[in-house]
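Note sheet for the following structure.
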Amino acid sequence: MALFSPSQTQDRTPPAEGADVVQAPEAQRAVRGVLRSTWLWPALATLLVTIYQIGRPQMWEDELISWDVASRSTEQLFAVVRQVDGVLGTYYLFLHGWMAVFGESAPAVRMPSALAMAGTAACVALIGQRLFGRRAGLVGGLVFALIPVVTRYAHEARPYALVVLAVALATLLLLRALDNPKSWWRWTGYALCVGAIGLLHVVALTALAGHLVAVLQRLRSEHLAARRFCLAAMTGVACASPVVLLGKEQATRQLSWIPKPDMWALVTFLPQLYASALAAGTVTVLAVMAWRGRRDAVLFIIALAALPPLAVWALSHGEVSYFFYRYLLFTLPAWAVLAGAGLTAVRSRAAVAGALVVLAVLTLPDQQGMRKPYGHFWDGLDYAGAARTIQQAHRPGDAVVYDRGDDAGRRLDVGVRFYLPRDLQLRDVFRSASAAERNDLWSAECPDPAACLRGERRIWLVVAGNGPNPLRWGLSRDQAEALSARYTVRETEHLTGLTVTLLQRNP
């Protein structure tokens with residue numbers, strides 16, 4: 001039996017007896033075949049879990065950046081990624097096209113991530129079936145659906161779920177190519193997937209370290225596979241090389257906030273990766289049980305799960321650190337495959353079903369927490385509430401002032417604009433140039449605030465925090481003085497994490 005060929009131990013359903021099989025309509029047999037597919041039920045389960053309340057958590061700063069950049073013209077989009085976020089340019093371009101078709105609501109911009117996670121569950125099931133048998137693949141796909149972080153990043157308008165899918169699909173295509181190393185079509189599909197990985201997120205190319213282990217296991221019996229793997233991998237990396245080079249050039253600016261990891265970072269990595277210590281512990285225990293299965297397959301999947309984090313950890317001791325859990329989410333499918341293999345080593349179907357129920361119960365609080373209105377925030381910011389307050393009391397000619405402060409990550413201006421109706425445009429009083437006009441992610445502030453006032457009768461002031469006098473915090477001294485000299489506070493509403501104030505011009 002060829003290494004990594006479909007497992008001979010997989011469950012087989014005997015064909016129906018008699019002439020019914022012969023006489024059954026072709027379409028009916030096709031439907032039955034799909035319903036019996038290993039990949040279908042994990043994919044459906046993941047899709048149902050992830051789309052539930054997908055729009056309830058408010059958009060947070062990273063998602064707001066995605067929307068802001070993707071909503072610009074293609075010329076502006078290319079201009080901004082040449083200066084910042086070059087490694088995310090492919091995703092921004094994809095989201096630009098997606099929003100043109102499906103709209104800009106929170107569920108709409110997050111839906112590609114939910115679909116990608118469902119596709120990943122299908123890949124997990126097929127990889128598990130190929131390596132450990134049908135039951136292992138089915139259970140592994142269902143384990144993947146229950147991991148809390150899968151829901152968290154299925155509800156995220158960022159490229160991470162698409163990266164997870166690309167790596168899982170590349171792994172599946174590699175196994176197929178190793179089954180028939182002479183097939184150029186299979187290696188071409190693998191090369192395209194590697195290119196997609198690099199275009200979506202450069203760090204995920206470390207998955208090739210795990211793929212190399214599978215090729216080395218074939219080396220003694222099949223030198224052609226090694227040569228074609230190297231050619232396909234290099235072709236894929238070459239396709240992504242512009243993004244790789246651009247990312248390297250921008251890395252210091254983009255990733256300076258990530259600290260260099262110590263040994264303790266490796267210990268705390270798994271709970272962060274799963275967004276749940278209970279899920280991390282449970283899945284790891286199930287993965288360890290897989291050791292009783294096919295050793296060659298187990299070693300390959302362990303390499304796919306462990307080598308990328310170790311490689312990124314080592315690389316992060318240079319000039320720039322890349323060691324952050326969400327950059328390594330693409331290792332989750334490997335852990336789910338191992339968990340499926342370990343759990344089905346227990347022959348009792350009741351025990352398998354019970355373990356899945358236990359995992360679902362253990363992770364339920366985490367799943368609920370991710371669906372709260374501020375489930376994506378470290379500290380909640382009620383952008384939607386601020387937009388609702390302004391919309392309900394808005395009058396023609398109203399303007400707005402946003403607290404941009406020292407913490408540019410708050411994105412009060414972008415957050416409120418996202419939740420305001422698109423036809424409700426307020427002049428941003430102290431903004432001299434928008435982020436789009438600057439080909440950047442941040443707007444430019446007016447150097448002389450007093451000169452930027454145009455005699456508006458009413459100005460909405462949105463600041464972070466809930467202090468007693470919104471004019472005394474959040475704004476620069478010059479901005480606060482310019483407003484205080486001409487305007488009086490008329491109404492104030494304190495919301496979660498921010499305050500909305502209506503200023504009325506003095507007589």
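In the structure tokens, the first chain shown is A, the next is B, and so on; residue numbers restart at 1 for each chain, and ligands run from 1 in the order shown.
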
Any chance you could tabulate, as a Markdown table, the residues of region 211-311 of chain A at most 8 Å from region 77-101 of chain A with each one's nearest atom pair and distance in Å to one decimal, using only C-alpha atoms, in chain and rising number order?
| residue | atom | partner | partner_atom | distance |
| --- | --- | --- | --- | --- |
| A:Val243 | CA | A:Val87 | CA | 5.5 |
| A:Val244 | CA | A:Val87 | CA | 7.2 |
| A:Leu246 | CA | A:Gly86 | CA | 5.8 |
| A:Gly247 | CA | A:Val87 | CA | 5.3 |
| A:Gln250 | CA | A:Val84 | CA | 6.5 |
| A:Gln254 | CA | A:Asp85 | CA | 7.2 |

Find the spatial neighbours of region 258-272 of chain A, counting only C-alpha atoms, within a cut-off of 7 Å - ignore same-chain residues fewer than 4 positions away - and output them as a PyMOL selection string.
chain A and resi 276-277+280+313+316-317+321-323+325

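Between Cys239 (chain A) and the candidates A:Ile127, A:Leu273, A:Leu192, A:Val285, the tightest atom-to-atom separation, counting only C-alpha atoms, involves A:Leu192.
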
Can you write out as JSON lines which residues of region 351-393 of chain A fall within 8 Å of region 418-429 of chain A, alongside each residue's closest atom pair and its distance in Å to one decimal, counting only C-alpha atoms and ordering rows by chain and ascending residue number?
{"residue": "A:Tyr383", "atom": "CA", "partner": "A:Tyr419", "partner_atom": "CA", "distance": 6.9}
{"residue": "A:Ala384", "atom": "CA", "partner": "A:Tyr419", "partner_atom": "CA", "distance": 5.4}
{"residue": "A:Ala387", "atom": "CA", "partner": "A:Leu420", "partner_atom": "CA", "distance": 5.2}
{"residue": "A:Arg388", "atom": "CA", "partner": "A:Leu420", "partner_atom": "CA", "distance": 7.3}
{"residue": "A:Gln391", "atom": "CA", "partner": "A:Leu420", "partner_atom": "CA", "distance": 7.0}

So that each row is one residue of region 71-186 of chain A with an atom at most 7 Å from region 45-50 of chain A, can you give its shortest atom pair and the distance in Å to one decimal, using only C-alpha atoms, rows by chain and rising number, as CSV?
residue,atom,partner,partner_atom,distance
A:Ala114,CA,A:Thr50,CA,5.8
A:Leu115,CA,A:Leu47,CA,6.7
A:Met117,CA,A:Thr46,CA,6.9
A:Ala118,CA,A:Thr46,CA,5.1
A:Ala121,CA,A:Thr46,CA,6.8
A:Ala145,CA,A:Thr46,CA,4.5
A:Thr151,CA,A:Thr50,CA,5.1
A:Ala154,CA,A:Thr50,CA,6.0

My list of candidates is A:Ala238, A:Leu304, A:Val150, A:Val109. Which is closest to Thr206 (chain A) when distances are computed with only C-alpha atoms?
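Comparing A:Ala238, A:Leu304, A:Val150, A:Val109 against Thr206 (chain A), the winner is A:Leu304.
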
Point-to-point distance from CA of Leu212 (chain A) to CA of Gly128 (chain A), Å rounded to tenths:
18.5 Å

Within 12 Å of region 168-181 of chain A, which residues of region 263-304 of chain A come that close, and what is the closest atom pair and distance in Å for each? Count only C-alpha atoms and give it as JSON lines.
{"residue": "A:Ala297", "atom": "CA", "partner": "A:Leu175", "partner_atom": "CA", "distance": 10.7}
{"residue": "A:Phe300", "atom": "CA", "partner": "A:Thr171", "partner_atom": "CA", "distance": 10.5}
{"residue": "A:Ile301", "atom": "CA", "partner": "A:Thr171", "partner_atom": "CA", "distance": 9.8}
{"residue": "A:Leu304", "atom": "CA", "partner": "A:Thr171", "partner_atom": "CA", "distance": 9.0}

Can those selected residues be exported to a file as a compact mmCIF listing (two decimals), in the first residue's frame so that it contains N, CA and C atoms?
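again-v4.txt was written with the following content:
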# COMPACT_ATOMS: atom_id res chain seq x y z
N ALA A 297 1.48 8.28 9.25
CA ALA A 297 0.47 9.34 9.13
C ALA A 297 0.47 10.23 10.36
N PHE A 300 3.39 12.65 10.29
CA PHE A 300 3.16 13.72 9.32
C PHE A 300 2.24 14.80 9.89
N ILE A 301 1.13 14.39 10.49
CA ILE A 301 0.17 15.37 11.02
C ILE A 301 0.76 16.11 12.22
N LEU A 304 2.88 18.76 10.83
CA LEU A 304 2.07 19.84 10.28
C LEU A 304 1.53 20.74 11.38

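Closest approach to Ser105 (chain A) from the set A:Asp366, A:Asp296, A:Glu63, A:Asp478 is made by A:Glu63, with distances taken over only C-alpha atoms.
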